[in-house]
Amino acid sequence: MNMKINLHAPGGGRTTTHESLAGAPDIPEGMPSNQQRSLKVNIAGVELKNPVMTASGTFGSGAEYSEFVDLSLLGAVVTKGVANVPWPGNPTPRIAETYGGMINAIGLQNPGIDVFIQRDIPFLKQYDTRIVVNVCGKTTEDYVEVVERLADQPVDLLEINISCPNVKEGGIAFGQDPAAVERITREVKKHARQPVIMKLSPNVTDITEMAKAAQAGGADGLSLINTLTGMKIDIHKRTFAVANKTGGLSGPAIKPVALRMVYQTAQAVDLPIIGMGGIMTAEDAIEFMLAGASAVAVGTANFHNPYATKEIAEGIEAYMKQYDIQDVKQLIGAVS
């Protein structure tokens with residue numbers, strides 16, 4: 001895929017030694033332009049070599065994409081959702097294309113924590129990347145059981161998925177009720193050895209209320225957004241395009257909504273944010289960082305371009321070189 005990054009966005013800017021760069025973030029005085037650039041970011045005390053991660057459910061648990069992307073080039077691999085027992089997922093059909101994206105209703109199909117510990121963690125440990133385990137469940141007890149099983153495992157962060165729109169029991173209700181968000185966050189934190197990142201649902205009236213609830217419960221960080229609930233109907237068969245009737249809309253169509261929610265959340269809470277939702281290019285990723293995300297997760301883009309994560313990491317570095325930015329952390333929340 002040819003990636004085109006528009007480095008000359010409209011708007012005011014500051015003059016640098018080589019040209020006027022519209023909208024470029026300030027560079028600290030006295031910092032030499034030839035200093036080695038740093039792409040390192042910090043999420044809840046865990047340092048990532050760069051801010052590019054995979055989005056849960058779009059990259060398997062790493063093995064599926066390892067022939068396309070050297071996982072050691074990524075800041076982190078976020079695994080597919082892991083439950084306390086195997087989940088079969090939803091009936092088929094489970095995926096449908098839409099304008100600017102796709103709808104999925106996979107239902108968090110996964111082989112369970114036993115297989116994950118025996119097979120997937122050892123595979124990921126071969127690579128120099130951080131491991132983020134996405135944890136799913138239908139009850140608080142389900143989440144806690146997985147978190148406890150991971151307590152002595154060599155994984156770096158836990159992403160608690162309380163926001164899947166394709167699970168009819170438990171998960172979606174957790175993500176839409178501030179009291180439930182605070183309660184489950186607090187309970188998970190009691191049992192977690194790794195930092196806890198709560199993955200929030202966009203299918204709410206006010207995303208900041210959910211973020212504040214997670215912070216009150218002791219969350220170490222936030223991931224947002226998960227997919228928006230959507231629907232597609234096959235007019236020729238006169239039936240729903242996915243058997244679940246509704247599913248999660250992802251892809252570039254949701255990016256403006258995701259970007260707005262990341263910005264609002266960054267203004268409302270003092271937690272690191274992993275931003276996601278329609279990130280297809282480095283330019284998209286940079287927008288999320290400017291809005292307040294400390295790192296980004298690439299999801300649907302992986303399906304049509306398996307090299308997307310690598311290209312986005314390279315594109316961020318190219319942007320930094322273009323604008324003479326020495327540290328990628330200068331981008332975080334630079335637009336306010």
# chains A, B, ... in the order shown; residues from 1 in each chain; ligands from 1
>>> residues_around(residues="Ala151 of chain A", least_positions_apart="6", cutoff="8 Å", atoms="only C-alpha atoms", output="PyMOL selection string")
chain A and resi 191-194
>>> residues_around(residues="Pro252 of chain A", least_positions_apart="3", cutoff="9 Å", atoms="only C-alpha atoms", output="PyMOL selection string")
chain A and resi 100-101+255-256+277-280+300-301
>>> residues_around(residues="Tyr65 of chain A", least_positions_apart="5", cutoff="8 Å", atoms="only C-alpha atoms", output="compact mmCIF listing (two decimals) with C-alpha atoms, in the first residue's frame")
# COMPACT_ATOMS: atom_id res chain seq x y z
CA PHE A 59 -3.83 -9.44 14.95
CA GLY A 60 -4.56 -12.81 16.55
CA PRO A 306 -0.71 -6.74 6.92
>>> residues_around(residues="Ala241 of chain A", least_positions_apart="5", cutoff="6 Å", atoms="only C-alpha atoms", output="ChimeraX atom specification")
/A:232-234
>>> write_last_selection(atoms="N, CA and C atoms", output="PDB file, in the first residue's frame")
ATOM      1  N   LYS A 232     -26.107  -3.852   9.184  1.00  0.00           N
ATOM      2  CA  LYS A 232     -26.220  -3.856   7.730  1.00  0.00           C
ATOM      3  C   LYS A 232     -27.263  -4.894   7.342  1.00  0.00           C
ATOM      4  N   ILE A 233     -28.071  -4.573   6.330  1.00  0.00           N
ATOM      5  CA  ILE A 233     -29.111  -5.484   5.855  1.00  0.00           C
ATOM      6  C   ILE A 233     -28.864  -5.810   4.386  1.00  0.00           C
ATOM      7  N   ASP A 234     -28.939  -7.084   4.070  1.00  0.00           N
ATOM      8  CA  ASP A 234     -28.818  -7.545   2.689  1.00  0.00           C
ATOM      9  C   ASP A 234     -30.200  -7.409   2.035  1.00  0.00           C
TER      10      ASP A 234
END
>>> residues_around(residues="Val77 of chain A", least_positions_apart="3", cutoff="6 Å", atoms="only C-alpha atoms", output="number ranges by chain")
A: 53-54, 131
>>> write_last_selection(atoms="N, CA, C and O atoms", output="short mmCIF file (atom, residue, chain, number, x, y, z; two decimals), in the first residue's frame")
data_model
loop_
_atom_site.label_atom_id
_atom_site.label_comp_id
_atom_site.auth_asym_id
_atom_site.auth_seq_id
_atom_site.Cartn_x
_atom_site.Cartn_y
_atom_site.Cartn_z
N MET A 53 0.97 -0.01 18.53
CA MET A 53 0.52 -1.29 19.05
C MET A 53 -0.48 -1.89 18.08
O MET A 53 -0.95 -1.21 17.15
N THR A 54 -0.82 -3.15 18.29
CA THR A 54 -1.90 -3.76 17.53
C THR A 54 -3.20 -3.62 18.32
O THR A 54 -3.17 -3.49 19.55
N ILE A 131 4.05 -7.20 25.76
CA ILE A 131 2.89 -8.07 25.60
C ILE A 131 1.73 -7.49 26.41
O ILE A 131 1.84 -7.31 27.63
#
>>> residues_around(residues="segment 132-135 of chain A", least_positions_apart="5", cutoff="7 Å", atoms="only C-alpha atoms", output="PyMOL selection string")
chain A and resi 56+76-83+143+146+155-161
>>> write_last_selection(atoms="C-alpha atoms", output="PDB file, in the first residue's frame")
ATOM      1  CA  SER A  56      -7.122  -6.578  20.026  1.00  0.00           C
ATOM      2  CA  ALA A  76       3.506  -3.803  21.828  1.00  0.00           C
ATOM      3  CA  VAL A  77       1.365  -6.670  20.626  1.00  0.00           C
ATOM      4  CA  VAL A  78      -2.151  -6.620  22.051  1.00  0.00           C
ATOM      5  CA  THR A  79      -3.613 -10.110  21.961  1.00  0.00           C
ATOM      6  CA  LYS A  80      -7.049 -11.253  20.957  1.00  0.00           C
ATOM      7  CA  GLY A  81      -9.456 -11.401  23.897  1.00  0.00           C
ATOM      8  CA  VAL A  82      -8.721 -14.172  26.393  1.00  0.00           C
ATOM      9  CA  ALA A  83     -11.469 -15.667  28.580  1.00  0.00           C
ATOM     10  CA  TYR A 143     -12.365 -11.299  34.525  1.00  0.00           C
ATOM     11  CA  VAL A 146      -8.126 -14.635  34.036  1.00  0.00           C
ATOM     12  CA  VAL A 155       3.157 -10.176  30.322  1.00  0.00           C
ATOM     13  CA  ASP A 156       3.435  -6.402  30.638  1.00  0.00           C
ATOM     14  CA  LEU A 157      -0.057  -4.916  30.663  1.00  0.00           C
ATOM     15  CA  LEU A 158      -3.649  -6.090  30.998  1.00  0.00           C
ATOM     16  CA  GLU A 159      -6.326  -4.552  28.763  1.00  0.00           C
ATOM     17  CA  ILE A 160      -9.710  -5.243  30.335  1.00  0.00           C
ATOM     18  CA  ASN A 161     -12.363  -5.413  27.643  1.00  0.00           C
TER      19      ASN A 161
END
>>> select_by_dssp(residues="segment 116-328 of chain A", states="strand (DSSP E or B)", output="NGL selection string")
:A and (130-135 or 157-161 or 196-199 or 221-224 or 228-231 or 233-234 or 239-240 or 246-250 or 273-276 or 295-298 or 327)
>>> residues_around(residues="Thr227 of chain A", least_positions_apart="4", cutoff="6 Å", atoms="only C-alpha atoms", output="list in words")
Gly248, Leu249 and Ser250 of chain A
>>> write_last_selection(atoms="all heavy atoms", output="PDB file, in the first residue's frame")
ATOM      1  N   GLY A 248     -19.948  -4.712  15.540  1.00  0.00           N
ATOM      2  CA  GLY A 248     -19.072  -3.578  15.821  1.00  0.00           C
ATOM      3  C   GLY A 248     -18.537  -2.965  14.545  1.00  0.00           C
ATOM      4  O   GLY A 248     -17.864  -3.631  13.752  1.00  0.00           O
ATOM      5  N   LEU A 249     -18.836  -1.696  14.325  1.00  0.00           N
ATOM      6  CA  LEU A 249     -18.342  -0.968  13.157  1.00  0.00           C
ATOM      7  C   LEU A 249     -16.937  -0.452  13.436  1.00  0.00           C
ATOM      8  O   LEU A 249     -16.702   0.221  14.447  1.00  0.00           O
ATOM      9  CB  LEU A 249     -19.274   0.205  12.836  1.00  0.00           C
ATOM     10  CG  LEU A 249     -18.825   1.152  11.705  1.00  0.00           C
ATOM     11  CD1 LEU A 249     -18.793   0.417  10.376  1.00  0.00           C
ATOM     12  CD2 LEU A 249     -19.748   2.371  11.639  1.00  0.00           C
ATOM     13  N   SER A 250     -16.014  -0.779  12.543  1.00  0.00           N
ATOM     14  CA  SER A 250     -14.631  -0.316  12.674  1.00  0.00           C
ATOM     15  C   SER A 250     -14.149   0.188  11.324  1.00  0.00           C
ATOM     16  O   SER A 250     -14.844   0.079  10.317  1.00  0.00           O
ATOM     17  CB  SER A 250     -13.734  -1.457  13.169  1.00  0.00           C
ATOM     18  OG  SER A 250     -13.692  -2.512  12.214  1.00  0.00           O
TER      19      SER A 250
END
>>> select_by_dssp(residues="segment 55-197 of chain A", states="alpha helix (DSSP H)", output="ChimeraX atom specification")
/A:113-115,121-124,140-150,171-176,178-191
>>> write_last_selection(atoms="N, CA and C atoms", output="tab-separated table (two decimals), in the first residue's frame")
chain	number	residue	atom	x	y	z
A	113	ILE	N	-7.84	-19.35	28.53
A	113	ILE	CA	-6.60	-18.98	29.19
A	113	ILE	C	-5.58	-20.12	29.22
A	114	ASP	N	-6.01	-21.36	29.32
A	114	ASP	CA	-5.06	-22.47	29.38
A	114	ASP	C	-4.22	-22.54	28.10
A	115	VAL	N	-4.88	-22.52	26.96
A	115	VAL	CA	-4.17	-22.56	25.68
A	115	VAL	C	-3.31	-21.32	25.51
A	121	ILE	N	1.84	-17.11	24.91
A	121	ILE	CA	2.85	-16.34	25.64
A	121	ILE	C	4.27	-16.79	25.27
A	122	PRO	N	4.57	-18.10	25.24
A	122	PRO	CA	5.92	-18.50	24.82
A	122	PRO	C	6.28	-18.02	23.42
A	123	PHE	N	5.31	-18.01	22.51
A	123	PHE	CA	5.59	-17.51	21.17
A	123	PHE	C	5.96	-16.03	21.21
A	124	LEU	N	5.17	-15.23	21.91
A	124	LEU	CA	5.43	-13.78	21.95
A	124	LEU	C	6.74	-13.45	22.66
A	140	THR	N	-17.90	-10.36	36.54
A	140	THR	CA	-16.71	-9.89	37.23
A	140	THR	C	-15.80	-11.05	37.60
A	141	GLU	N	-16.40	-12.15	38.03
A	141	GLU	CA	-15.62	-13.32	38.42
A	141	GLU	C	-14.82	-13.89	37.24
A	142	ASP	N	-15.39	-13.83	36.04
A	142	ASP	CA	-14.67	-14.30	34.86
A	142	ASP	C	-13.39	-13.48	34.65
A	143	TYR	N	-13.53	-12.17	34.71
A	143	TYR	CA	-12.36	-11.30	34.52
A	143	TYR	C	-11.30	-11.58	35.59
A	144	VAL	N	-11.74	-11.66	36.82
A	144	VAL	CA	-10.81	-11.87	37.93
A	144	VAL	C	-10.06	-13.19	37.77
A	145	GLU	N	-10.76	-14.22	37.33
A	145	GLU	CA	-10.10	-15.53	37.17
A	145	GLU	C	-8.95	-15.45	36.17
A	146	VAL	N	-9.18	-14.77	35.04
A	146	VAL	CA	-8.13	-14.63	34.04
A	146	VAL	C	-6.98	-13.78	34.57
A	147	VAL	N	-7.32	-12.69	35.22
A	147	VAL	CA	-6.30	-11.79	35.77
A	147	VAL	C	-5.42	-12.53	36.78
A	148	GLU	N	-6.03	-13.35	37.60
A	148	GLU	CA	-5.26	-14.12	38.58
A	148	GLU	C	-4.34	-15.14	37.89
A	149	ARG	N	-4.84	-15.77	36.83
A	149	ARG	CA	-4.01	-16.74	36.10
A	149	ARG	C	-2.81	-16.07	35.44
A	150	LEU	N	-2.95	-14.79	35.11
A	150	LEU	CA	-1.87	-14.05	34.44
A	150	LEU	C	-0.90	-13.40	35.42
A	171	GLY	N	-20.49	-8.08	29.33
A	171	GLY	CA	-19.49	-7.14	28.86
A	171	GLY	C	-20.03	-5.78	28.44
A	172	ILE	N	-21.07	-5.77	27.61
A	172	ILE	CA	-21.58	-4.49	27.13
A	172	ILE	C	-22.22	-3.69	28.26
A	173	ALA	N	-22.89	-4.36	29.20
A	173	ALA	CA	-23.51	-3.65	30.32
A	173	ALA	C	-22.45	-3.00	31.20
A	174	PHE	N	-21.34	-3.70	31.41
A	174	PHE	CA	-20.25	-3.12	32.19
A	174	PHE	C	-19.81	-1.79	31.60
A	175	GLY	N	-19.65	-1.78	30.28
A	175	GLY	CA	-19.07	-0.61	29.63
A	175	GLY	C	-19.99	0.58	29.50
A	176	GLN	N	-21.28	0.40	29.77
A	176	GLN	CA	-22.23	1.49	29.59
A	176	GLN	C	-22.74	2.07	30.90
A	178	PRO	N	-21.48	3.75	34.47
A	178	PRO	CA	-20.32	4.24	35.21
A	178	PRO	C	-20.08	3.52	36.53
A	179	ALA	N	-21.15	3.20	37.25
A	179	ALA	CA	-20.99	2.49	38.53
A	179	ALA	C	-20.39	1.11	38.30
A	180	ALA	N	-20.82	0.43	37.23
A	180	ALA	CA	-20.28	-0.88	36.92
A	180	ALA	C	-18.82	-0.79	36.48
A	181	VAL	N	-18.49	0.25	35.71
A	181	VAL	CA	-17.10	0.46	35.28
A	181	VAL	C	-16.20	0.62	36.49
A	182	GLU	N	-16.60	1.46	37.42
A	182	GLU	CA	-15.79	1.68	38.62
A	182	GLU	C	-15.68	0.40	39.44
A	183	ARG	N	-16.79	-0.31	39.57
A	183	ARG	CA	-16.80	-1.52	40.39
A	183	ARG	C	-15.89	-2.61	39.83
A	184	ILE	N	-16.00	-2.88	38.54
A	184	ILE	CA	-15.19	-3.95	37.97
A	184	ILE	C	-13.72	-3.55	37.91
A	185	THR	N	-13.45	-2.26	37.68
A	185	THR	CA	-12.07	-1.79	37.68
A	185	THR	C	-11.44	-2.00	39.05
A	186	ARG	N	-12.16	-1.63	40.06
A	186	ARG	CA	-11.66	-1.77	41.43
A	186	ARG	C	-11.39	-3.23	41.78
A	187	GLU	N	-12.30	-4.10	41.35
A	187	GLU	CA	-12.16	-5.54	41.67
A	187	GLU	C	-10.98	-6.15	40.91
A	188	VAL	N	-10.84	-5.80	39.65
A	188	VAL	CA	-9.72	-6.31	38.86
A	188	VAL	C	-8.39	-5.85	39.46
A	189	LYS	N	-8.34	-4.58	39.87
A	189	LYS	CA	-7.10	-4.03	40.44
A	189	LYS	C	-6.67	-4.78	41.70
A	190	LYS	N	-7.63	-5.28	42.45
A	190	LYS	CA	-7.30	-6.02	43.68
A	190	LYS	C	-6.48	-7.27	43.37
A	191	HIS	N	-6.68	-7.84	42.19
A	191	HIS	CA	-6.09	-9.13	41.86
A	191	HIS	C	-4.97	-9.04	40.83
>>> atom_distance(atom1="atom CA of Gln109 of chain A", atom2="atom CA of Pro88 of chain A")
5.0 Å
>>> atom_distance(atom1="atom CA of Asp284 of chain A", atom2="atom CA of Gln215 of chain A")
26.5 Å
>>> closest_residue(among="A:Ile254, A:Val262, A:Leu228, A:Val196", to="Phe288 of chain A", atoms="only C-alpha atoms")
A:Val262
>>> atom_distance(atom1="atom CA of Ser61 of chain A", atom2="atom CA of Gly107 of chain A")
16.3 Å
